>>> print(open('my_file.tsv').read())   # TSV, N, CA and C atoms and all ligand atoms
chain	number	residue	atom	x	y	z
F	1	MET	N	-1.75	-2.86	-20.70
F	1	MET	CA	-2.44	-2.24	-19.57
F	1	MET	C	-1.86	-0.85	-19.36
F	2	ARG	N	-2.72	0.13	-19.42
F	2	ARG	CA	-2.25	1.51	-19.26
F	2	ARG	C	-3.31	2.34	-18.56
F	3	ILE	N	-2.87	3.14	-17.67
F	3	ILE	CA	-3.80	4.04	-16.99
F	3	ILE	C	-3.34	5.46	-17.25
F	4	ASP	N	-4.24	6.25	-17.77
F	4	ASP	CA	-3.88	7.61	-18.11
F	4	ASP	C	-3.48	8.40	-16.87
F	5	ASP	N	-2.51	9.27	-17.07
F	5	ASP	CA	-2.09	10.11	-15.95
F	5	ASP	C	-3.23	11.01	-15.51
F	6	ASP	N	-4.03	11.43	-16.50
F	6	ASP	CA	-5.16	12.29	-16.15
F	6	ASP	C	-6.14	11.56	-15.24
F	7	LEU	N	-6.29	10.27	-15.54
F	7	LEU	CA	-7.20	9.48	-14.71
F	7	LEU	C	-6.61	9.30	-13.32
F	8	LEU	N	-5.35	9.01	-13.28
F	8	LEU	CA	-4.70	8.83	-11.98
F	8	LEU	C	-4.81	10.10	-11.14
F	9	ALA	N	-4.75	11.23	-11.83
F	9	ALA	CA	-4.74	12.50	-11.11
F	9	ALA	C	-6.04	12.73	-10.35
F	10	ILE	N	-7.12	12.15	-10.86
F	10	ILE	CA	-8.41	12.40	-10.20
F	10	ILE	C	-8.80	11.25	-9.28
F	11	LEU	N	-8.01	10.19	-9.33
F	11	LEU	CA	-8.31	9.07	-8.46
F	11	LEU	C	-7.69	9.30	-7.09
F	12	ALA	N	-8.36	8.76	-6.10
F	12	ALA	CA	-7.83	8.86	-4.75
F	12	ALA	C	-8.21	7.61	-3.99
F	13	CYS	N	-7.43	7.32	-3.00
F	13	CYS	CA	-7.69	6.15	-2.19
F	13	CYS	C	-9.00	6.34	-1.43
F	14	PRO	N	-9.91	5.37	-1.55
F	14	PRO	CA	-11.19	5.50	-0.84
F	14	PRO	C	-11.04	5.39	0.66
F	15	ALA	N	-9.91	4.89	1.09
F	15	ALA	CA	-9.72	4.70	2.52
F	15	ALA	C	-9.12	5.94	3.18
F	16	CYS	N	-8.16	6.58	2.49
F	16	CYS	CA	-7.47	7.69	3.15
F	16	CYS	C	-7.35	8.92	2.25
F	17	ARG	N	-7.90	8.83	1.02
F	17	ARG	CA	-7.92	9.99	0.10
F	17	ARG	C	-6.56	10.38	-0.40
F	18	ALA	N	-5.59	9.53	-0.23
F	18	ALA	CA	-4.26	9.85	-0.71
F	18	ALA	C	-4.17	9.52	-2.20
F	19	PRO	N	-3.26	10.16	-2.91
F	19	PRO	CA	-3.06	9.86	-4.33
F	19	PRO	C	-2.62	8.43	-4.54
F	20	LEU	N	-2.89	7.95	-5.75
F	20	LEU	CA	-2.51	6.59	-6.09
F	20	LEU	C	-1.43	6.61	-7.15
F	21	ARG	N	-0.68	5.53	-7.21
F	21	ARG	CA	0.29	5.40	-8.28
F	21	ARG	C	0.23	3.97	-8.81
F	22	VAL	N	0.61	3.81	-10.07
F	22	VAL	CA	0.56	2.50	-10.69
F	22	VAL	C	1.73	1.67	-10.21
F	23	SER	N	1.43	0.45	-9.85
F	23	SER	CA	2.48	-0.47	-9.42
F	23	SER	C	2.36	-1.74	-10.23
F	24	GLY	N	3.46	-2.27	-10.69
F	24	GLY	CA	3.43	-3.49	-11.46
F	24	GLY	C	2.95	-3.21	-12.89
F	25	GLY	N	2.46	-4.26	-13.54
F	25	GLY	CA	1.99	-4.11	-14.91
F	25	GLY	C	3.06	-4.40	-15.92
F	26	ASP	N	4.29	-4.51	-15.47
F	26	ASP	CA	5.39	-4.83	-16.38
F	26	ASP	C	5.94	-6.20	-16.05
F	27	GLY	N	6.41	-6.86	-17.06
F	27	GLY	CA	7.03	-8.16	-16.84
F	27	GLY	C	6.06	-9.22	-16.40
F	28	GLY	N	4.80	-9.06	-16.72
F	28	GLY	CA	3.82	-10.08	-16.39
F	28	GLY	C	3.19	-9.90	-15.03
F	29	ALA	N	3.70	-8.95	-14.26
F	29	ALA	CA	3.12	-8.73	-12.94
F	29	ALA	C	1.77	-8.06	-13.08
F	30	ALA	N	0.86	-8.42	-12.24
F	30	ALA	CA	-0.47	-7.84	-12.30
F	30	ALA	C	-0.39	-6.38	-11.86
F	31	PRO	N	-1.00	-5.52	-12.66
F	31	PRO	CA	-0.97	-4.10	-12.29
F	31	PRO	C	-1.86	-3.84	-11.08
F	32	GLU	N	-1.42	-2.89	-10.32
F	32	GLU	CA	-2.19	-2.49	-9.14
F	32	GLU	C	-2.06	-0.99	-8.98
F	33	LEU	N	-3.02	-0.44	-8.29
F	33	LEU	CA	-2.91	0.96	-7.91
F	33	LEU	C	-2.52	1.00	-6.44
F	34	LEU	N	-1.33	1.51	-6.22
F	34	LEU	CA	-0.79	1.53	-4.87
F	34	LEU	C	-1.05	2.88	-4.23
F	35	CYS	N	-1.67	2.84	-3.07
F	35	CYS	CA	-1.95	4.07	-2.36
F	35	CYS	C	-0.65	4.60	-1.75
F	36	THR	N	-0.44	5.89	-1.92
F	36	THR	CA	0.78	6.48	-1.38
F	36	THR	C	0.62	6.84	0.09
F	37	GLY	N	-0.62	6.66	0.57
F	37	GLY	CA	-0.87	6.99	1.97
F	37	GLY	C	-0.87	5.77	2.86
F	38	CYS	N	-1.89	4.93	2.67
F	38	CYS	CA	-2.03	3.77	3.54
F	38	CYS	C	-1.42	2.52	2.93
F	39	LEU	N	-0.89	2.66	1.70
F	39	LEU	CA	-0.14	1.58	1.04
F	39	LEU	C	-1.02	0.39	0.66
F	40	ARG	N	-2.33	0.58	0.65
F	40	ARG	CA	-3.17	-0.49	0.14
F	40	ARG	C	-2.96	-0.60	-1.37
F	41	ALA	N	-3.11	-1.82	-1.88
F	41	ALA	CA	-2.95	-2.04	-3.31
F	41	ALA	C	-4.30	-2.44	-3.90
F	42	TYR	N	-4.76	-1.61	-4.85
F	42	TYR	CA	-6.05	-1.88	-5.47
F	42	TYR	C	-5.84	-2.58	-6.81
F	43	PRO	N	-6.62	-3.61	-7.06
F	43	PRO	CA	-6.46	-4.36	-8.31
F	43	PRO	C	-7.02	-3.58	-9.49
F	44	VAL	N	-6.54	-3.94	-10.67
F	44	VAL	CA	-7.05	-3.35	-11.90
F	44	VAL	C	-7.60	-4.49	-12.75
F	45	ARG	N	-8.89	-4.45	-13.02
F	45	ARG	CA	-9.52	-5.51	-13.77
F	45	ARG	C	-10.09	-4.96	-15.06
F	46	ASP	N	-9.68	-5.56	-16.16
F	46	ASP	CA	-10.15	-5.09	-17.48
F	46	ASP	C	-9.87	-3.60	-17.65
F	47	ASP	N	-8.68	-3.20	-17.22
F	47	ASP	CA	-8.26	-1.80	-17.33
F	47	ASP	C	-9.08	-0.86	-16.47
F	48	ILE	N	-9.85	-1.42	-15.57
F	48	ILE	CA	-10.66	-0.58	-14.70
F	48	ILE	C	-10.19	-0.74	-13.27
F	49	PRO	N	-9.72	0.35	-12.69
F	49	PRO	CA	-9.26	0.27	-11.30
F	49	PRO	C	-10.43	-0.04	-10.36
F	50	VAL	N	-10.21	-0.99	-9.50
F	50	VAL	CA	-11.24	-1.36	-8.53
F	50	VAL	C	-10.88	-0.69	-7.21
F	51	LEU	N	-11.49	0.48	-7.01
F	51	LEU	CA	-11.16	1.24	-5.82
F	51	LEU	C	-12.15	0.92	-4.71
F	52	LEU	N	-12.06	-0.31	-4.26
F	52	LEU	CA	-12.89	-0.75	-3.15
F	52	LEU	C	-11.99	-1.24	-2.03
F	53	VAL	N	-12.25	-0.74	-0.87
F	53	VAL	CA	-11.41	-1.13	0.25
F	53	VAL	C	-11.49	-2.64	0.49
F	54	ASP	N	-12.69	-3.17	0.24
F	54	ASP	CA	-12.85	-4.61	0.45
F	54	ASP	C	-12.00	-5.42	-0.52
F	55	GLN	N	-11.76	-4.85	-1.71
F	55	GLN	CA	-11.00	-5.56	-2.72
F	55	GLN	C	-9.51	-5.27	-2.64
F	56	ALA	N	-9.16	-4.33	-1.82
F	56	ALA	CA	-7.77	-3.93	-1.77
F	56	ALA	C	-6.93	-4.95	-1.03
F	57	ARG	N	-5.69	-5.01	-1.47
F	57	ARG	CA	-4.75	-5.89	-0.76
F	57	ARG	C	-4.12	-5.09	0.37
F	58	GLU	N	-4.24	-5.64	1.55
F	58	GLU	CA	-3.71	-4.92	2.70
F	58	GLU	C	-2.20	-4.81	2.59
F	59	PRO	N	-1.67	-3.72	3.08
F	59	PRO	CA	-0.21	-3.57	3.03
F	59	PRO	C	0.46	-4.58	3.94
F	60	GLU	N	1.65	-4.94	3.55
F	60	GLU	CA	2.39	-5.88	4.37
F	60	GLU	C	2.72	-5.24	5.71
F	61	PRO	N	2.63	-6.03	6.75
F	61	PRO	CA	2.89	-5.45	8.08
F	61	PRO	C	4.33	-4.98	8.16
F	62	PRO	N	4.55	-3.95	8.93
F	62	PRO	CA	5.92	-3.45	9.07
F	62	PRO	C	6.79	-4.49	9.74
F	63	VAL	N	8.04	-4.42	9.39
F	63	VAL	CA	8.98	-5.39	9.95
F	63	VAL	C	9.12	-5.16	11.45
F	64	ALA	N	8.68	-6.14	12.18
F	64	ALA	CA	8.75	-6.04	13.64
F	64	ALA	C	9.83	-6.98	14.16
F	65	ARG	N	10.53	-6.50	15.12
F	65	ARG	CA	11.59	-7.32	15.69
F	65	ARG	C	11.00	-8.17	16.80
F	66	ALA	N	10.41	-9.29	16.37
F	66	ALA	CA	9.72	-10.16	17.32
F	66	ALA	C	10.68	-11.15	17.95
F	67	ASP	N	11.91	-11.11	17.51
F	67	ASP	CA	12.87	-12.06	18.05
F	67	ASP	C	13.22	-11.75	19.50
F	68	GLU	N	13.23	-10.47	19.78
F	68	GLU	CA	13.61	-10.08	21.13
F	68	GLU	C	12.47	-10.35	22.10
F	69	PRO	N	12.76	-11.03	23.16
F	69	PRO	CA	11.72	-11.26	24.18
F	69	PRO	C	11.38	-9.96	24.89
F	70	PRO	N	10.14	-9.87	25.33
F	70	PRO	CA	9.72	-8.63	26.02
F	70	PRO	C	10.35	-8.54	27.41
F	71	GLY	N	10.40	-7.35	27.90
F	71	GLY	CA	10.87	-7.16	29.25
F	71	GLY	C	12.37	-7.14	29.36
F	72	THR	N	13.04	-6.80	28.27
F	72	THR	CA	14.50	-6.75	28.34
F	72	THR	C	15.01	-5.33	28.08
F	73	GLU	N	14.28	-4.40	28.64
F	73	GLU	CA	14.68	-3.01	28.43
F	73	GLU	C	15.99	-2.72	29.18
F	74	GLU	N	16.75	-1.88	28.55
F	74	GLU	CA	18.00	-1.54	29.20
F	74	GLU	C	17.72	-0.66	30.44
F	75	PRO	N	18.47	-0.87	31.47
F	75	PRO	CA	18.26	-0.06	32.68
F	75	PRO	C	18.61	1.40	32.42
F	76	ALA	N	17.86	2.26	33.06
F	76	ALA	CA	18.12	3.68	32.90
F	76	ALA	C	19.49	4.04	33.46
F	77	ASP	N	20.01	5.08	32.94
F	77	ASP	CA	21.34	5.49	33.41
F	77	ASP	C	21.30	5.89	34.89
F	78	GLY	N	22.27	5.46	35.61
F	78	GLY	CA	22.28	5.71	37.03
F	78	GLY	C	22.72	7.13	37.40
F	79	GLY	N	23.03	7.94	36.40
F	79	GLY	CA	23.32	9.34	36.65
F	79	GLY	C	24.53	9.54	37.48
F	101	ZN	ZN	-4.91	4.92	1.19
>>> encode(input="my_file.tsv", output="C-alpha cells")
Amino acid sequence: MRIDDDLLAILACPACRAPLRVSGGDGGAAPELLCTGCLRAYPVRDDIPVLLVDQAREPEPPVARADEPPGTEEPADGG
C-alpha cells in the first residue's frame, strides 16, 4: 500500500480542507489518511483514499477529567 506524495499534496480533508498524512499501513495496520486539522481518519480501500466525511473515523475525544465532580472550583483569592 503506497500513496504518492504528489497525490497527497493535492488531497485535502473534505471537512476542513487541511492537508492529510498517511497513518498506519505498516505492520499489518490498516492504512488511513489522517487529517492534520480535524484529525479525522479516512480509510484507504484498494489503494484509493475514501475522502468522505461519512466514511471517516471520528477522532478520539480529548481526554477529559471527568473524575472531578462539578462545582468544586477553588475560591478566589481574598486579596
Ligand atoms: Zn479535517
>>> residues_around(input="my_file.tsv", residues="Leu8 in chain F", least_positions_apart="2", cutoff="8 Å", atoms="all atoms listed in the file", output="PDB file with N, CA and C atoms, in the frame of the given file")
ATOM      1  N   ILE F   3      -2.870   3.140 -17.670  1.00  0.00           N
ATOM      2  CA  ILE F   3      -3.800   4.040 -16.990  1.00  0.00           C
ATOM      3  C   ILE F   3      -3.340   5.460 -17.250  1.00  0.00           C
ATOM      4  N   ASP F   4      -4.240   6.250 -17.770  1.00  0.00           N
ATOM      5  CA  ASP F   4      -3.880   7.610 -18.110  1.00  0.00           C
ATOM      6  C   ASP F   4      -3.480   8.400 -16.870  1.00  0.00           C
ATOM      7  N   ASP F   5      -2.510   9.270 -17.070  1.00  0.00           N
ATOM      8  CA  ASP F   5      -2.090  10.110 -15.950  1.00  0.00           C
ATOM      9  C   ASP F   5      -3.230  11.010 -15.510  1.00  0.00           C
ATOM     10  N   ASP F   6      -4.030  11.430 -16.500  1.00  0.00           N
ATOM     11  CA  ASP F   6      -5.160  12.290 -16.150  1.00  0.00           C
ATOM     12  C   ASP F   6      -6.140  11.560 -15.240  1.00  0.00           C
ATOM     13  N   ILE F  10      -7.120  12.150 -10.860  1.00  0.00           N
ATOM     14  CA  ILE F  10      -8.410  12.400 -10.200  1.00  0.00           C
ATOM     15  C   ILE F  10      -8.800  11.250  -9.280  1.00  0.00           C
ATOM     16  N   LEU F  11      -8.010  10.190  -9.330  1.00  0.00           N
ATOM     17  CA  LEU F  11      -8.310   9.070  -8.460  1.00  0.00           C
ATOM     18  C   LEU F  11      -7.690   9.300  -7.090  1.00  0.00           C
ATOM     19  N   ALA F  12      -8.360   8.760  -6.100  1.00  0.00           N
ATOM     20  CA  ALA F  12      -7.830   8.860  -4.750  1.00  0.00           C
ATOM     21  C   ALA F  12      -8.210   7.610  -3.990  1.00  0.00           C
ATOM     22  N   PRO F  19      -3.260  10.160  -2.910  1.00  0.00           N
ATOM     23  CA  PRO F  19      -3.060   9.860  -4.330  1.00  0.00           C
ATOM     24  C   PRO F  19      -2.620   8.430  -4.540  1.00  0.00           C
ATOM     25  N   LEU F  20      -2.890   7.950  -5.750  1.00  0.00           N
ATOM     26  CA  LEU F  20      -2.510   6.590  -6.090  1.00  0.00           C
ATOM     27  C   LEU F  20      -1.430   6.610  -7.150  1.00  0.00           C
ATOM     28  N   ARG F  21      -0.680   5.530  -7.210  1.00  0.00           N
ATOM     29  CA  ARG F  21       0.290   5.400  -8.280  1.00  0.00           C
ATOM     30  C   ARG F  21       0.230   3.970  -8.810  1.00  0.00           C
ATOM     31  N   VAL F  22       0.610   3.810 -10.070  1.00  0.00           N
ATOM     32  CA  VAL F  22       0.560   2.500 -10.690  1.00  0.00           C
ATOM     33  C   VAL F  22       1.730   1.670 -10.210  1.00  0.00           C
TER      34      VAL F  22
END
>>> residues_near_ligand(input="my_file.tsv", ligand="ligand ZN 101 (chain F)", cutoff="5 Å", atoms="all atoms listed in the file", output="list of chain:residue names")
F:Cys13, F:Ala15, F:Cys16, F:Arg17, F:Ala18, F:Cys35, F:Gly37, F:Cys38, F:Leu39
>>> atom_distance(input="my_file.tsv", atom1="atom C of Ala41 in chain F", atom2="atom N of Gln55 in chain F")
8.1 Å
>>> atom_distance(input="my_file.tsv", atom1="CA of Pro49 in chain F", atom2="CA of Glu32 in chain F")
7.9 Å
>>> residues_around(input="my_file.tsv", residues="Arg40 in chain F", least_positions_apart="5", cutoff="7 Å", atoms="only C-alpha atoms", output="PyMOL selection string")
chain F and resi 34-35+56-59
>>> select_by_dssp(input="my_file.tsv", residues="chain F", states="strand (DSSP E or B)", output="short mmCIF file (atom, residue, chain, number, x, y, z; two decimals) with N, CA and C atoms, keeping the file's coordinate frame")
data_model
loop_
_atom_site.label_atom_id
_atom_site.label_comp_id
_atom_site.auth_asym_id
_atom_site.auth_seq_id
_atom_site.Cartn_x
_atom_site.Cartn_y
_atom_site.Cartn_z
N LEU F 20 -2.89 7.95 -5.75
CA LEU F 20 -2.51 6.59 -6.09
C LEU F 20 -1.43 6.61 -7.15
N ARG F 21 -0.68 5.53 -7.21
CA ARG F 21 0.29 5.40 -8.28
C ARG F 21 0.23 3.97 -8.81
N VAL F 22 0.61 3.81 -10.07
CA VAL F 22 0.56 2.50 -10.69
C VAL F 22 1.73 1.67 -10.21
N SER F 23 1.43 0.45 -9.85
CA SER F 23 2.48 -0.47 -9.42
C SER F 23 2.36 -1.74 -10.23
N GLU F 32 -1.42 -2.89 -10.32
CA GLU F 32 -2.19 -2.49 -9.14
C GLU F 32 -2.06 -0.99 -8.98
N LEU F 33 -3.02 -0.44 -8.29
CA LEU F 33 -2.91 0.96 -7.91
C LEU F 33 -2.52 1.00 -6.44
N LEU F 34 -1.33 1.51 -6.22
CA LEU F 34 -0.79 1.53 -4.87
C LEU F 34 -1.05 2.88 -4.23
N CYS F 35 -1.67 2.84 -3.07
CA CYS F 35 -1.95 4.07 -2.36
C CYS F 35 -0.65 4.60 -1.75
N ALA F 41 -3.11 -1.82 -1.88
CA ALA F 41 -2.95 -2.04 -3.31
C ALA F 41 -4.30 -2.44 -3.90
N TYR F 42 -4.76 -1.61 -4.85
CA TYR F 42 -6.05 -1.88 -5.47
C TYR F 42 -5.84 -2.58 -6.81
N PRO F 43 -6.62 -3.61 -7.06
CA PRO F 43 -6.46 -4.36 -8.31
C PRO F 43 -7.02 -3.58 -9.49
N VAL F 44 -6.54 -3.94 -10.67
CA VAL F 44 -7.05 -3.35 -11.90
C VAL F 44 -7.60 -4.49 -12.75
N ARG F 45 -8.89 -4.45 -13.02
CA ARG F 45 -9.52 -5.51 -13.77
C ARG F 45 -10.09 -4.96 -15.06
N ILE F 48 -9.85 -1.42 -15.57
CA ILE F 48 -10.66 -0.58 -14.70
C ILE F 48 -10.19 -0.74 -13.27
N PRO F 49 -9.72 0.35 -12.69
CA PRO F 49 -9.26 0.27 -11.30
C PRO F 49 -10.43 -0.04 -10.36
N ARG F 57 -5.69 -5.01 -1.47
CA ARG F 57 -4.75 -5.89 -0.76
C ARG F 57 -4.12 -5.09 0.37
#
>>> atom_distance(input="my_file.tsv", atom1="atom C of Pro62 in chain F", atom2="atom C of Thr36 in chain F")
16.1 Å
>>> select_by_dssp(input="my_file.tsv", residues="chain F", states="alpha helix (DSSP H)", output="list of chain:residue names")
F:Asp5, F:Asp6, F:Leu7, F:Leu8, F:Ala9, F:Ile10
>>> closest_residue(input="my_file.tsv", among="F:Asp67, F:Glu60, F:Asp54, F:Glu73", to="Pro14 in chain F", atoms="only C-alpha atoms")
F:Asp54
>>> axis_aligned_box(input="my_file.tsv", around="range 55-58 of chain F", padding_each_side="5 Å", output="lines of an AutoDock Vina configuration file")
center_x = -7.0
center_y = -4.9
center_z = 0.0
size_x = 19.6
size_y = 12.0
size_z = 15.4
>>> decode(input="my_file.tsv", residues="range 33-71 of chain F", atoms="N, CA and C atoms", output="tab-separated table (two decimals), in the first residue's frame")
chain	number	residue	atom	x	y	z
F	33	LEU	N	-5.78	7.87	5.96
F	33	LEU	CA	-5.32	9.23	5.74
F	33	LEU	C	-5.82	10.07	6.91
F	34	LEU	N	-4.85	10.54	7.66
F	34	LEU	CA	-5.19	11.29	8.86
F	34	LEU	C	-5.16	12.78	8.57
F	35	CYS	N	-6.26	13.43	8.89
F	35	CYS	CA	-6.33	14.86	8.68
F	35	CYS	C	-5.49	15.57	9.74
F	36	THR	N	-4.70	16.53	9.28
F	36	THR	CA	-3.86	17.25	10.23
F	36	THR	C	-4.63	18.38	10.90
F	37	GLY	N	-5.87	18.58	10.43
F	37	GLY	CA	-6.67	19.65	11.00
F	37	GLY	C	-7.66	19.14	12.02
F	38	CYS	N	-8.65	18.40	11.53
F	38	CYS	CA	-9.72	17.94	12.41
F	38	CYS	C	-9.46	16.53	12.92
F	39	LEU	N	-8.35	15.92	12.47
F	39	LEU	CA	-7.90	14.62	12.97
F	39	LEU	C	-8.83	13.47	12.59
F	40	ARG	N	-9.71	13.69	11.62
F	40	ARG	CA	-10.49	12.57	11.13
F	40	ARG	C	-9.56	11.63	10.38
F	41	ALA	N	-9.90	10.33	10.42
F	41	ALA	CA	-9.10	9.34	9.72
F	41	ALA	C	-9.93	8.76	8.58
F	42	TYR	N	-9.41	8.93	7.36
F	42	TYR	CA	-10.12	8.43	6.19
F	42	TYR	C	-9.53	7.09	5.77
F	43	PRO	N	-10.40	6.14	5.47
F	43	PRO	CA	-9.92	4.81	5.08
F	43	PRO	C	-9.36	4.82	3.67
F	44	VAL	N	-8.52	3.83	3.40
F	44	VAL	CA	-7.98	3.65	2.05
F	44	VAL	C	-8.39	2.27	1.58
F	45	ARG	N	-9.17	2.22	0.52
F	45	ARG	CA	-9.67	0.96	0.02
F	45	ARG	C	-9.15	0.72	-1.38
F	46	ASP	N	-8.51	-0.42	-1.56
F	46	ASP	CA	-7.94	-0.75	-2.88
F	46	ASP	C	-7.02	0.36	-3.36
F	47	ASP	N	-6.21	0.88	-2.43
F	47	ASP	CA	-5.26	1.94	-2.75
F	47	ASP	C	-5.94	3.25	-3.13
F	48	ILE	N	-7.22	3.34	-2.88
F	48	ILE	CA	-7.93	4.57	-3.21
F	48	ILE	C	-8.43	5.21	-1.93
F	49	PRO	N	-7.95	6.41	-1.67
F	49	PRO	CA	-8.40	7.10	-0.45
F	49	PRO	C	-9.88	7.44	-0.55
F	50	VAL	N	-10.59	7.12	0.49
F	50	VAL	CA	-12.02	7.43	0.54
F	50	VAL	C	-12.20	8.70	1.35
F	51	LEU	N	-12.26	9.80	0.62
F	51	LEU	CA	-12.34	11.09	1.30
F	51	LEU	C	-13.80	11.50	1.44
F	52	LEU	N	-14.49	10.74	2.24
F	52	LEU	CA	-15.89	11.05	2.53
F	52	LEU	C	-16.05	11.22	4.04
F	53	VAL	N	-16.66	12.30	4.40
F	53	VAL	CA	-16.81	12.57	5.82
F	53	VAL	C	-17.64	11.46	6.48
F	54	ASP	N	-18.59	10.95	5.71
F	54	ASP	CA	-19.43	9.88	6.27
F	54	ASP	C	-18.62	8.63	6.55
F	55	GLN	N	-17.56	8.41	5.77
F	55	GLN	CA	-16.76	7.22	5.92
F	55	GLN	C	-15.59	7.42	6.88
F	56	ALA	N	-15.39	8.63	7.27
F	56	ALA	CA	-14.24	8.92	8.11
F	56	ALA	C	-14.46	8.45	9.53
F	57	ARG	N	-13.34	8.08	10.12
F	57	ARG	CA	-13.41	7.70	11.54
F	57	ARG	C	-13.23	8.96	12.38
F	58	GLU	N	-14.18	9.18	13.23
F	58	GLU	CA	-14.13	10.39	14.04
F	58	GLU	C	-12.91	10.33	14.96
F	59	PRO	N	-12.34	11.48	15.21
F	59	PRO	CA	-11.18	11.50	16.13
F	59	PRO	C	-11.62	11.13	17.53
F	60	GLU	N	-10.69	10.55	18.24
F	60	GLU	CA	-10.99	10.20	19.62
F	60	GLU	C	-11.21	11.47	20.43
F	61	PRO	N	-12.17	11.41	21.32
F	61	PRO	CA	-12.45	12.61	22.11
F	61	PRO	C	-11.25	12.97	22.97
F	62	PRO	N	-11.08	14.24	23.20
F	62	PRO	CA	-9.95	14.66	24.04
F	62	PRO	C	-10.11	14.13	25.44
F	63	VAL	N	-8.98	13.92	26.05
F	63	VAL	CA	-9.01	13.38	27.41
F	63	VAL	C	-9.62	14.40	28.35
F	64	ALA	N	-10.75	14.03	28.88
F	64	ALA	CA	-11.45	14.93	29.80
F	64	ALA	C	-11.34	14.40	31.22
F	65	ARG	N	-11.15	15.29	32.11
F	65	ARG	CA	-11.03	14.87	33.50
F	65	ARG	C	-12.42	14.83	34.12
F	66	ALA	N	-13.09	13.69	33.87
F	66	ALA	CA	-14.47	13.55	34.32
F	66	ALA	C	-14.53	13.04	35.76
F	67	ASP	N	-13.37	12.75	36.30
F	67	ASP	CA	-13.36	12.22	37.65
F	67	ASP	C	-13.76	13.28	38.68
F	68	GLU	N	-13.38	14.49	38.37
F	68	GLU	CA	-13.66	15.54	39.33
F	68	GLU	C	-15.13	15.94	39.26
F	69	PRO	N	-15.78	15.96	40.38
F	69	PRO	CA	-17.19	16.39	40.39
F	69	PRO	C	-17.29	17.89	40.11
F	70	PRO	N	-18.38	18.28	39.50
F	70	PRO	CA	-18.54	19.71	39.18
F	70	PRO	C	-18.80	20.53	40.43
F	71	GLY	N	-18.54	21.78	40.32
F	71	GLY	CA	-18.84	22.68	41.42
F	71	GLY	C	-17.81	22.67	42.50
